[in-house]
>>> print(open('entry_26.cif').read())   # mmCIF, C-alpha atoms
data_entry
loop_
_atom_site.label_atom_id
_atom_site.label_comp_id
_atom_site.auth_asym_id
_atom_site.auth_seq_id
_atom_site.Cartn_x
_atom_site.Cartn_y
_atom_site.Cartn_z
CA MET A 1 -20.41 12.22 17.21
CA PRO A 2 -16.96 13.42 16.07
CA HIS A 3 -16.65 14.24 12.37
CA ILE A 4 -13.40 13.04 10.81
CA VAL A 5 -12.25 14.01 7.31
CA VAL A 6 -9.86 11.64 5.55
CA LEU A 7 -7.82 13.33 2.83
CA GLY A 8 -7.03 10.85 0.05
CA ALA A 9 -8.86 7.91 -1.53
CA GLY A 10 -5.94 5.59 -2.13
CA VAL A 11 -5.52 2.36 -0.22
CA ILE A 12 -4.34 4.10 2.98
CA GLY A 13 -7.15 6.66 2.96
CA LEU A 14 -9.83 4.06 2.24
CA SER A 15 -8.54 1.61 4.87
CA SER A 16 -8.25 4.37 7.48
CA ALA A 17 -11.74 5.68 6.71
CA LEU A 18 -13.27 2.23 7.20
CA ARG A 19 -11.42 1.67 10.48
CA ILE A 20 -12.54 5.06 11.79
CA GLN A 21 -16.11 4.26 10.77
CA ALA A 22 -15.89 1.04 12.76
CA GLU A 23 -15.19 3.17 15.84
CA GLY A 24 -18.58 4.86 15.41
CA HIS A 25 -17.45 8.21 13.98
CA ALA A 26 -18.88 10.20 11.06
CA VAL A 27 -16.34 10.16 8.23
CA THR A 28 -15.99 12.10 4.99
CA ILE A 29 -13.37 11.27 2.35
CA VAL A 30 -12.04 14.25 0.40
CA ALA A 31 -9.95 13.49 -2.68
CA ARG A 32 -9.14 14.67 -6.18
CA ASP A 33 -8.97 11.07 -7.48
CA PHE A 34 -11.15 8.08 -6.66
CA PRO A 35 -10.93 4.39 -7.65
CA ALA A 36 -12.13 3.57 -11.15
CA GLY A 37 -11.90 0.74 -13.63
CA PHE A 38 -8.53 0.03 -15.20
CA GLU A 39 -10.09 0.40 -18.64
CA THR A 40 -11.06 4.05 -18.06
CA ILE A 41 -8.46 5.48 -15.67
CA ASP A 42 -6.14 8.02 -17.35
CA ALA A 43 -2.51 7.02 -16.96
CA GLN A 44 -1.20 10.52 -17.68
CA SER A 45 -3.56 12.79 -15.71
CA GLN A 46 -3.77 10.38 -12.75
CA ILE A 47 -0.15 9.25 -12.59
CA ASN A 48 0.16 10.74 -9.09
CA PHE A 49 -2.80 8.67 -7.85
CA THR A 50 -0.53 5.82 -6.82
CA SER A 51 -2.88 3.05 -5.73
CA PRO A 52 -4.25 2.01 -9.16
CA TRP A 53 -0.74 1.45 -10.50
CA GLY A 54 0.38 -0.91 -7.74
CA GLY A 55 0.89 -4.65 -8.30
CA ALA A 56 -0.22 -5.27 -5.64
CA HIS A 57 1.01 -7.99 -3.30
CA ASN A 58 2.60 -8.78 0.05
CA ARG A 59 6.30 -9.64 0.29
CA TRP A 60 7.71 -10.70 3.63
CA VAL A 61 10.88 -8.74 4.47
CA PRO A 62 12.90 -9.94 7.49
CA PRO A 63 13.26 -6.91 9.81
CA THR A 64 16.72 -5.69 10.83
CA ASN A 65 15.96 -2.54 12.88
CA PRO A 66 13.12 -1.00 14.93
CA SER A 67 11.60 0.78 11.92
CA GLU A 68 11.49 -2.44 9.91
CA GLU A 69 10.11 -4.31 12.92
CA ARG A 70 7.24 -1.82 13.09
CA GLU A 71 6.56 -2.28 9.39
CA HIS A 72 6.69 -6.05 9.74
CA ALA A 73 4.11 -5.90 12.52
CA MET A 74 1.91 -3.80 10.21
CA SER A 75 2.30 -6.33 7.41
CA LEU A 76 1.21 -9.13 9.76
CA GLN A 77 -1.87 -7.12 10.79
CA THR A 78 -2.66 -6.53 7.13
CA PHE A 79 -2.19 -10.21 6.27
CA ASP A 80 -4.71 -11.25 8.93
CA HIS A 81 -7.20 -8.60 7.85
CA MET A 82 -6.88 -9.56 4.18
CA ARG A 83 -7.58 -13.18 5.12
CA THR A 84 -10.75 -12.12 6.97
CA VAL A 85 -11.96 -9.87 4.15
CA GLN A 86 -11.28 -12.48 1.46
CA ALA A 87 -13.22 -15.12 3.39
CA ARG A 88 -16.22 -12.86 3.97
CA TYR A 89 -16.20 -11.00 0.65
CA PRO A 90 -14.85 -13.19 -2.17
CA GLU A 91 -15.67 -10.40 -4.62
CA ALA A 92 -13.24 -7.97 -2.92
CA GLY A 93 -10.39 -8.63 -5.36
CA ILE A 94 -8.07 -10.53 -2.98
CA THR A 95 -6.40 -13.83 -3.88
CA PHE A 96 -4.24 -15.91 -1.55
CA MET A 97 -1.39 -17.80 -3.22
CA LYS A 98 2.26 -18.72 -2.84
CA GLY A 99 4.95 -16.08 -2.88
CA VAL A 100 8.37 -17.10 -4.20
CA GLU A 101 11.62 -15.19 -3.58
CA TYR A 102 14.86 -15.64 -5.52
CA LEU A 103 18.03 -13.78 -4.49
CA GLU A 104 21.21 -13.74 -6.56
CA ALA A 105 23.28 -12.07 -3.82
CA PRO A 106 21.56 -12.71 -0.47
CA SER A 107 22.61 -10.61 2.50
CA GLU A 108 23.51 -12.19 5.82
CA VAL A 109 19.97 -11.49 7.05
CA TYR A 110 18.58 -13.89 4.45
CA ARG A 111 21.39 -16.45 4.69
CA ALA A 112 20.81 -16.69 8.45
CA LEU A 113 17.02 -16.97 8.16
CA THR A 114 15.80 -20.39 9.27
CA GLU A 115 12.41 -21.93 8.73
CA GLU A 116 11.89 -22.03 12.49
CA ARG A 117 12.52 -18.29 12.92
CA ALA A 118 10.44 -17.36 9.89
CA LEU A 119 7.47 -19.44 11.01
CA GLN A 120 7.56 -19.06 14.78
CA GLN A 121 9.15 -15.66 15.41
CA LEU A 122 8.27 -13.68 12.28
CA GLY A 123 4.85 -15.21 11.57
CA MET A 124 5.58 -15.96 7.91
CA GLN A 125 2.92 -18.55 7.24
CA GLY A 126 3.83 -21.43 4.93
CA PHE A 127 7.51 -20.43 4.85
CA ARG A 128 9.89 -22.95 3.29
CA LEU A 129 13.49 -22.61 2.17
CA LEU A 130 13.97 -23.81 -1.39
CA LYS A 131 16.46 -26.54 -2.19
CA LYS A 132 19.38 -25.89 -4.51
CA GLU A 133 17.79 -27.88 -7.33
CA GLU A 134 14.68 -25.68 -7.12
CA LEU A 135 16.58 -22.47 -7.83
CA PRO A 136 16.92 -20.91 -11.29
CA GLU A 137 20.40 -20.46 -12.74
CA GLY A 138 22.32 -17.68 -11.00
CA VAL A 139 20.15 -17.70 -7.87
CA LYS A 140 21.91 -18.40 -4.56
CA TRP A 141 18.98 -18.35 -2.14
CA GLY A 142 15.23 -18.85 -2.36
CA CYS A 143 12.08 -19.39 -0.34
CA GLU A 144 8.32 -19.66 -0.65
CA TYR A 145 5.55 -18.60 1.71
CA ASP A 146 1.82 -17.97 1.88
CA THR A 147 0.80 -14.50 0.76
CA TRP A 148 -1.87 -12.48 -1.03
CA CYS A 149 -2.27 -10.40 -4.16
CA VAL A 150 -5.00 -7.91 -5.00
CA ASN A 151 -6.47 -6.48 -8.15
CA PRO A 152 -6.12 -2.79 -7.16
CA MET A 153 -9.07 -1.49 -9.14
CA VAL A 154 -11.43 -4.17 -7.85
CA TYR A 155 -10.14 -3.97 -4.27
CA CYS A 156 -10.13 -0.18 -3.91
CA SER A 157 -13.57 0.09 -5.53
CA PHE A 158 -14.80 -2.53 -3.07
CA LEU A 159 -13.43 -0.52 -0.12
CA LEU A 160 -15.09 2.64 -1.42
CA ARG A 161 -18.45 0.87 -1.82
CA ARG A 162 -18.21 -0.54 1.71
CA PHE A 163 -17.45 2.93 3.03
CA ALA A 164 -20.44 4.43 1.23
CA ILE A 165 -22.94 1.71 2.19
CA LEU A 166 -21.90 2.16 5.83
CA GLY A 167 -22.89 5.83 5.68
CA GLY A 168 -19.63 7.50 4.67
CA GLU A 169 -19.65 10.70 2.63
CA VAL A 170 -17.32 11.54 -0.27
CA LEU A 171 -16.30 14.87 -1.78
CA ARG A 172 -14.25 15.23 -4.96
CA LYS A 173 -12.14 18.33 -4.48
CA GLU A 174 -8.51 19.34 -4.84
CA VAL A 175 -6.72 20.41 -1.66
CA ARG A 176 -3.68 22.66 -1.48
CA ASP A 177 -3.12 22.36 2.27
CA PRO A 178 -4.82 20.01 4.79
CA ARG A 179 -5.42 22.96 7.13
CA GLU A 180 -7.92 24.52 4.74
CA ILE A 181 -10.34 21.62 5.30
CA PHE A 182 -11.13 22.83 8.81
CA ASP A 183 -12.82 25.92 7.33
CA TRP A 184 -15.02 24.06 4.85
CA ARG A 185 -18.70 23.36 5.44
CA PHE A 186 -19.78 19.71 5.45
CA GLU A 187 -23.13 18.00 5.86
CA GLY A 188 -21.52 16.04 8.68
CA GLY A 189 -20.85 19.23 10.61
CA PRO A 190 -17.61 20.93 11.69
CA VAL A 191 -14.39 18.98 11.25
CA ASP A 192 -12.85 17.60 14.43
CA VAL A 193 -9.76 15.91 12.93
CA VAL A 194 -8.21 15.65 9.45
CA VAL A 195 -6.36 12.46 8.50
CA ASN A 196 -3.75 13.29 5.88
CA ALA A 197 -3.53 10.12 3.78
CA SER A 198 -2.82 12.07 0.60
CA GLY A 199 0.47 10.29 -0.08
CA ASN A 200 2.47 13.35 -1.08
CA GLY A 201 3.04 15.03 2.28
CA PHE A 202 2.29 18.65 1.25
CA ASN A 203 5.76 20.24 1.19
CA ASP A 204 7.36 17.66 3.46
CA ALA A 205 11.07 18.08 2.71
CA ASN A 206 11.64 14.35 3.32
CA MET A 207 9.29 13.28 0.53
CA PHE A 208 10.36 12.25 -2.96
CA ILE A 209 8.83 10.17 -5.74
CA THR A 210 10.08 6.80 -6.91
CA ARG A 211 9.16 6.14 -10.53
CA GLY A 212 8.17 2.59 -11.36
CA GLN A 213 7.61 1.07 -14.78
CA THR A 214 5.84 -2.26 -15.16
CA CYS A 215 3.93 -4.06 -17.89
CA LEU A 216 0.47 -5.59 -17.66
CA VAL A 217 0.11 -8.84 -19.60
CA ALA A 218 -2.78 -11.25 -20.07
CA ASN A 219 -0.63 -14.29 -19.24
CA PRO A 220 -1.72 -15.97 -15.98
CA CYS A 221 0.66 -17.07 -13.21
CA PRO A 222 -0.16 -19.24 -10.16
CA ALA A 223 2.21 -17.45 -7.77
CA THR A 224 3.75 -14.04 -7.17
CA ILE A 225 7.46 -14.37 -7.92
CA THR A 226 10.22 -11.88 -7.11
CA ARG A 227 13.87 -12.07 -8.14
CA GLN A 228 16.47 -9.68 -6.72
CA ASN A 229 19.39 -9.55 -9.12
CA ALA A 230 23.00 -9.05 -8.08
CA ASP A 231 23.14 -5.69 -9.89
CA GLY A 232 20.27 -4.33 -7.77
CA SER A 233 17.59 -4.70 -10.46
CA TRP A 234 14.37 -6.67 -10.04
CA ALA A 235 12.29 -9.15 -11.99
CA PHE A 236 8.85 -9.96 -10.62
CA CYS A 237 5.28 -10.87 -11.42
CA VAL A 238 2.11 -10.05 -9.52
CA PRO A 239 -1.05 -11.90 -10.65
CA ARG A 240 -4.00 -9.55 -10.20
CA ASN A 241 -6.72 -12.12 -11.04
CA PHE A 242 -10.36 -11.03 -11.37
CA ASP A 243 -9.70 -10.52 -15.11
CA GLY A 244 -6.91 -8.10 -14.21
CA GLY A 245 -4.00 -9.85 -15.90
CA THR A 246 -0.49 -10.13 -14.45
CA ILE A 247 1.96 -7.34 -13.68
CA ILE A 248 5.54 -7.91 -14.87
CA GLY A 249 8.13 -5.58 -13.36
CA GLY A 250 9.82 -3.58 -12.55
CA THR A 251 11.93 -0.48 -11.97
CA LYS A 252 12.60 1.70 -8.92
CA GLU A 253 13.86 5.13 -10.00
CA PRO A 254 14.09 7.82 -7.30
CA ASN A 255 13.27 11.38 -8.43
CA ASN A 256 12.59 10.38 -12.04
CA TRP A 257 9.51 12.36 -13.15
CA ASP A 258 9.30 10.96 -16.69
CA PRO A 259 5.65 9.90 -17.22
CA ASN A 260 6.33 8.05 -20.46
CA PRO A 261 6.93 4.28 -20.57
CA SER A 262 10.02 3.03 -22.40
CA LEU A 263 9.58 0.22 -24.92
CA GLU A 264 13.21 -0.72 -24.33
CA VAL A 265 12.57 -1.08 -20.59
CA ARG A 266 9.43 -3.10 -21.33
CA GLU A 267 11.38 -5.60 -23.41
CA ALA A 268 14.06 -5.90 -20.73
CA LEU A 269 11.48 -6.50 -17.99
CA LEU A 270 9.61 -9.14 -19.98
CA ASN A 271 12.77 -10.95 -21.05
CA LYS A 272 14.25 -10.97 -17.54
CA PHE A 273 11.15 -12.44 -15.99
CA ALA A 274 10.70 -15.05 -18.72
CA ALA A 275 14.30 -16.15 -18.10
CA THR A 276 13.41 -16.64 -14.42
CA TYR A 277 10.02 -18.26 -14.96
CA PRO A 278 9.59 -19.53 -18.55
CA GLN A 279 6.15 -20.97 -17.75
CA ILE A 280 4.73 -17.44 -17.89
CA LEU A 281 4.93 -17.59 -21.69
CA GLY A 282 2.37 -20.36 -22.05
CA PRO A 283 2.13 -22.90 -24.89
CA ASP A 284 2.74 -20.34 -27.67
CA GLY A 285 5.94 -19.04 -26.03
CA LYS A 286 4.75 -15.42 -26.05
CA TYR A 287 3.48 -12.63 -23.85
CA THR A 288 0.17 -10.93 -24.58
CA VAL A 289 0.87 -7.31 -23.64
CA ILE A 290 -2.10 -5.23 -22.50
CA LYS A 291 -0.52 -2.00 -21.32
CA ASP A 292 2.67 -0.35 -20.09
CA ILE A 293 2.34 1.26 -16.67
CA VAL A 294 4.26 4.14 -15.11
CA GLY A 295 3.49 5.11 -11.51
CA ARG A 296 4.99 7.37 -8.87
CA ARG A 297 5.44 5.89 -5.41
CA PRO A 298 5.30 8.57 -2.66
CA THR A 299 8.48 7.73 -0.74
CA ARG A 300 9.80 9.32 2.43
CA LYS A 301 13.36 9.58 3.70
CA GLY A 302 13.80 7.97 7.08
CA ASP A 303 10.41 6.47 7.81
CA ILE A 304 6.68 6.51 7.28
CA ARG A 305 5.00 9.54 8.79
CA LEU A 306 2.36 8.29 11.19
CA GLU A 307 1.83 10.92 13.86
CA LYS A 308 -0.39 13.72 15.19
CA GLU A 309 0.21 17.38 14.46
CA LYS A 310 -1.59 19.92 16.61
CA ILE A 311 -2.38 23.04 14.56
CA ASP A 312 -4.01 24.90 17.43
CA ASP A 313 -6.19 24.06 20.45
CA ASN A 314 -9.09 22.92 18.27
CA ARG A 315 -7.39 21.58 15.15
CA THR A 316 -5.39 18.37 14.80
CA ILE A 317 -4.07 16.55 11.75
CA ILE A 318 -3.11 12.88 11.83
CA HIS A 319 -0.53 12.20 9.13
CA ALA A 320 -0.36 8.79 7.45
CA TYR A 321 1.78 8.87 4.33
CA GLY A 322 5.17 8.12 2.79
CA LEU A 323 4.89 4.34 2.41
CA GLY A 324 6.66 4.15 -0.95
CA GLY A 325 5.82 0.88 -2.63
CA ARG A 326 4.41 -0.78 0.51
CA GLY A 327 1.01 0.90 0.75
CA TYR A 328 -1.06 -2.23 0.25
CA GLU A 329 1.27 -4.42 2.34
CA LEU A 330 1.01 -2.17 5.40
CA SER A 331 -2.43 -0.66 4.83
CA TRP A 332 -4.45 -2.15 7.68
CA GLY A 333 -1.55 -1.80 10.13
CA VAL A 334 -1.34 1.90 9.27
CA ALA A 335 -5.13 2.24 9.56
CA ASP A 336 -4.98 0.72 13.06
CA GLY A 337 -2.23 3.22 13.91
CA VAL A 338 -4.41 6.08 12.70
CA VAL A 339 -7.27 4.91 14.93
CA ARG A 340 -4.98 4.65 17.96
CA LEU A 341 -3.81 8.24 17.42
CA LEU A 342 -7.41 9.38 16.90
CA VAL A 343 -8.66 7.72 20.09
CA GLU A 344 -5.74 9.21 22.01
CA HIS A 345 -6.54 12.67 20.65
CA LEU A 346 -10.28 12.48 21.28
CA GLU A 347 -9.78 11.25 24.83
CA SER A 348 -7.36 14.08 25.61
CA SER A 349 -9.67 16.61 23.91
CA THR A 350 -12.62 15.42 25.98
CA SER A 351 -10.56 15.89 29.14
CA TRP A 352 -9.53 19.37 27.98
CA TYR A 353 -13.08 20.43 27.09
CA ASN A 354 -14.40 19.03 30.38
CA ALA A 355 -11.76 20.98 32.26
CA GLN A 356 -12.68 24.17 30.40
CA ALA A 357 -16.36 23.60 31.15
CA GLY A 358 -15.55 23.03 34.82
CA GLU A 359 -13.60 26.28 35.04
CA ALA A 360 -16.46 28.13 33.37
CA LYS A 361 -18.91 26.79 35.98
CA LEU A 362 -16.62 27.86 38.78
#
>>> encode(input="entry_26.cif", output="C-alpha cells")
Amino acid sequence: MPHIVVLGAGVIGLSSALRIQAEGHAVTIVARDFPAGFETIDAQSQINFTSPWGGAHNRWVPPTNPSEEREHAMSLQTFDHMRTVQARYPEAGITFMKGVEYLEAPSEVYRALTEERALQQLGMQGFRLLKKEELPEGVKWGCEYDTWCVNPMVYCSFLLRRFAILGGEVLRKEVRDPREIFDWRFEGGPVDVVVNASGNGFNDANMFITRGQTCLVANPCPATITRQNADGSWAFCVPRNFDGGTIIGGTKEPNNWDPNPSLEVREALLNKFAATYPQILGPDGKYTVIKDIVGRRPTRKGDIRLEKEKIDDNRTIIHAYGLGGRGYELSWGVADGVVRLLVEHLESSTSWYNAQAGEAKL
C-alpha cells in the first residue's frame, strides 16, 4: 500500500488527505499547526495558519478565462460535496443559506449575466437577479443564490477527526523543505509521495501574502451578504453558526505583514456593513464585538499551483497551494485534482518499476 504524506493541516491538506484515504492509501499528515477551538487558538503565533481565520463561505464568481473556468468547476465540485457532507454529518459545521451580492459598479460580465445562464450553464443553484427596489442605496446590480457557510474551527476539527478515525496518522513537526520528509522514518513506512498543501509554497517566487482584517460579532444573520463598493473596498458578512458568531469584513491588503488589528478599520468595517444591512444590529441597534481578526491569505501570482514535481526517480511532490482567499470554496475540487495527479503518478511508477524488474529478470 503506498504511503502518502500530506504537508499541512489546513482545509486543503485535510480535504486532500481524506480523498487520498478514500483511494485506499496509507496517509500521514505532517503540520506545525492543527485545528483547534476558536477560544484557545493564538492569533499572533498562528497568524500564518490561514484556515482558522477564514469566514468561510462560497461566493459564485462568473468565469471570464480558462483559469477562472477551472476554479468555477472546482467550486461546483466543492458545493456538491458540502451538500453531501452536511446531509450525512449535521455536526460538521456546514450551513446552507442564501448568498446575496451587491455591486456598486458592476462590470460587463455581471451586467450581461442572465438567470438562464447562471442556472443552466454555470450551475449556480437558486440564482435570481434582484429587482431595483430590492437594492440598497448606491447599488447598481444585485443577485441571490443558494450557497454554504462553514464554522472553520468546527469544520476543520471534524475533518481531522474523520481522518483519524479512518486510520490516518498525524505528526506535529515544522518543515523547512518538503524534500526532507522523504528521509524521515514513519510508522507507515517509506514515503512514496509528498503532497505540499502547506499554503506558503516554500520559496516560490510567485507567492505573496494578502492581509485581511475582519471582526467577529455575536450578532446573527440569516444570509451571507457581500457588497463590492465602487472604490474597490468590500463590506460583507459570513455567518459561522454553531455558536461561532458572524464575521464582518473585510480588507484585502497585498504584502502587508502587520499582525495587529486596527480599531479604526474595525469601526469602518462595522459601519459600512450596517449601512448595507441594518438588520444586523438587532433590536438594540448595536453590534456585540467578540474579537478582531487578522489573517494572511497565501496568494499566488498567475494561478493556483496544482501540479507534480519529480525530484528524482523515486521522489515526487504534488503541489496544491496558492489559493488566496478561496481555500474553502475550492477545497474539494483541489483535493480531487490532487488524487488525479497521484493516480497518474502511481500508475506510471508501477509501469516503470515493472519495466525495471523485467530488465533485471532478463
>>> resolve_selection(input="entry_26.cif", expression="the PyMOL selection byres ((chain A and resi 125) around 10)", output="JSON, numbers by chain")
{"A": [60, 76, 79, 118, 119, 120, 122, 123, 124, 126, 127, 128, 144, 145, 146, 147]}
>>> closest_residue(input="entry_26.cif", among="A:Cys221, A:Val193, A:Leu18, A:Ala73", to="Ile4 in chain A", atoms="all atoms listed in the file")
A:Val193
>>> closest_residue(input="entry_26.cif", among="A:Asn314, A:Ser157, A:Asn200, A:Arg300", to="Arg176 in chain A", atoms="all atoms listed in the file")
A:Asn200
>>> closest_residue(input="entry_26.cif", among="A:Gly232, A:Val217, A:Gly188, A:Gln121", to="Val170 in chain A", atoms="only C-alpha atoms")
A:Gly188
>>> closest_residue(input="entry_26.cif", among="A:Val194, A:Ile225, A:Leu103, A:Val109", to="Phe182 in chain A", atoms="only C-alpha atoms")
A:Val194
>>> closest_atom_pairs(input="entry_26.cif", of="range 37-156 of chain A", to="range 331-335 of chain A", cutoff="8 Å", atoms="all atoms listed in the file", output="JSON lines")
{"residue": "A:Ala73", "atom": "CA", "partner": "A:Gly333", "partner_atom": "CA", "distance": 7.4}
{"residue": "A:Met74", "atom": "CA", "partner": "A:Gly333", "partner_atom": "CA", "distance": 4.0}
{"residue": "A:Ser75", "atom": "CA", "partner": "A:Gly333", "partner_atom": "CA", "distance": 6.5}
{"residue": "A:Leu76", "atom": "CA", "partner": "A:Gly333", "partner_atom": "CA", "distance": 7.8}
{"residue": "A:Gln77", "atom": "CA", "partner": "A:Gly333", "partner_atom": "CA", "distance": 5.4}
{"residue": "A:Thr78", "atom": "CA", "partner": "A:Trp332", "partner_atom": "CA", "distance": 4.8}
{"residue": "A:His81", "atom": "CA", "partner": "A:Trp332", "partner_atom": "CA", "distance": 7.0}
>>> resolve_selection(input="entry_26.cif", expression="the PyMOL selection byres ((chain A and resi 342) around 12)", output="number ranges by chain")
A: 2-6, 16-17, 19-21, 23, 25, 192-195, 306-309, 316-320, 335-341, 343-349
>>> closest_residue(input="entry_26.cif", among="A:Glu133, A:Glu39, A:Asp33, A:Glu69", to="Asp243 in chain A", atoms="all atoms listed in the file")
A:Glu39
>>> residues_around(input="entry_26.cif", residues="Thr299 in chain A", least_positions_apart="6", cutoff="12 Å", atoms="only C-alpha atoms", output="PyMOL selection string")
chain A and resi 50+199-201+204-212+252-255+305+321-327
>>> closest_residue(input="entry_26.cif", among="A:Asn271, A:Thr28, A:Thr114, A:Ser107", to="Cys215 in chain A", atoms="only C-alpha atoms")
A:Asn271
>>> atom_distance(input="entry_26.cif", atom1="CA of Glu101 in chain A", atom2="CA of Pro278 in chain A")
15.7 Å
>>> resolve_selection(input="entry_26.cif", expression="the PyMOL selection byres ((chain A and resi 276) around 9)", output="PyMOL selection string")
chain A and resi 136-137+227+235-236+271-275+277-278
>>> residues_around(input="entry_26.cif", residues="Met97 in chain A", least_positions_apart="6", cutoff="8 Å", atoms="only C-alpha atoms", output="JSON, numbers by chain")
{"A": [146, 147, 148, 149, 222, 223, 224]}
>>> residues_near_point(input="entry_26.cif", point="(8.8, -6.2, -22.3)", cutoff="10 Å", atoms="all atoms listed in the file", output="ChimeraX atom specification")
/A:214-217,248-249,262-274,287,289,292
>>> atom_distance(input="entry_26.cif", atom1="CA of Phe34 in chain A", atom2="CA of Leu160 in chain A")
8.5 Å
>>> atom_distance(input="entry_26.cif", atom1="CA of Leu330 in chain A", atom2="CA of Glu71 in chain A")
6.8 Å
>>> decode(input="entry_26.cif", residues="range 202-217 of chain A", atoms="N, CA and C atoms", output="mmCIF file, in the first residue's frame")
data_model
loop_
_atom_site.group_PDB
_atom_site.id
_atom_site.type_symbol
_atom_site.label_atom_id
_atom_site.label_comp_id
_atom_site.auth_asym_id
_atom_site.auth_seq_id
_atom_site.Cartn_x
_atom_site.Cartn_y
_atom_site.Cartn_z
ATOM 1 N N PHE A 202 7.027 27.457 -0.002
ATOM 2 C CA PHE A 202 8.445 27.207 0.217
ATOM 3 C C PHE A 202 9.323 27.856 -0.865
ATOM 4 N N ASN A 203 9.499 29.148 -0.747
ATOM 5 C CA ASN A 203 10.389 29.922 -1.628
ATOM 6 C C ASN A 203 9.895 30.022 -3.068
ATOM 7 N N ASP A 204 8.624 29.834 -3.281
ATOM 8 C CA ASP A 204 8.030 30.070 -4.596
ATOM 9 C C ASP A 204 8.000 31.583 -4.830
ATOM 10 N N ALA A 205 8.702 32.034 -5.853
ATOM 11 C CA ALA A 205 8.819 33.473 -6.115
ATOM 12 C C ALA A 205 7.487 34.121 -6.469
ATOM 13 N N ASN A 206 6.499 33.313 -6.847
ATOM 14 C CA ASN A 206 5.184 33.850 -7.219
ATOM 15 C C ASN A 206 4.239 34.015 -6.025
ATOM 16 N N MET A 207 4.690 33.590 -4.849
ATOM 17 C CA MET A 207 3.825 33.665 -3.677
ATOM 18 C C MET A 207 3.959 35.003 -2.956
ATOM 19 N N PHE A 208 2.836 35.482 -2.423
ATOM 20 C CA PHE A 208 2.837 36.651 -1.545
ATOM 21 C C PHE A 208 1.648 36.519 -0.595
ATOM 22 N N ILE A 209 1.671 37.271 0.486
ATOM 23 C CA ILE A 209 0.566 37.197 1.431
ATOM 24 C C ILE A 209 -0.400 38.359 1.179
ATOM 25 N N THR A 210 -1.658 38.093 1.437
ATOM 26 C CA THR A 210 -2.678 39.137 1.396
ATOM 27 C C THR A 210 -3.273 39.243 2.795
ATOM 28 N N ARG A 211 -2.982 40.355 3.458
ATOM 29 C CA ARG A 211 -3.503 40.561 4.812
ATOM 30 C C ARG A 211 -4.999 40.832 4.746
ATOM 31 N N GLY A 212 -5.720 40.245 5.683
ATOM 32 C CA GLY A 212 -7.147 40.511 5.791
ATOM 33 C C GLY A 212 -7.518 40.813 7.227
ATOM 34 N N GLN A 213 -8.250 41.902 7.442
ATOM 35 C CA GLN A 213 -8.780 42.175 8.773
ATOM 36 C C GLN A 213 -10.294 42.087 8.737
ATOM 37 N N THR A 214 -10.843 41.341 9.697
ATOM 38 C CA THR A 214 -12.286 41.210 9.856
ATOM 39 C C THR A 214 -12.619 41.357 11.339
ATOM 40 N N CYS A 215 -13.892 41.300 11.645
ATOM 41 C CA CYS A 215 -14.322 41.403 13.040
ATOM 42 C C CYS A 215 -15.391 40.346 13.302
ATOM 43 N N LEU A 216 -15.223 39.595 14.356
ATOM 44 C CA LEU A 216 -16.200 38.589 14.751
ATOM 45 C C LEU A 216 -17.180 39.216 15.736
ATOM 46 N N VAL A 217 -18.461 39.125 15.419
ATOM 47 C CA VAL A 217 -19.508 39.674 16.284
ATOM 48 C C VAL A 217 -20.488 38.561 16.651
#
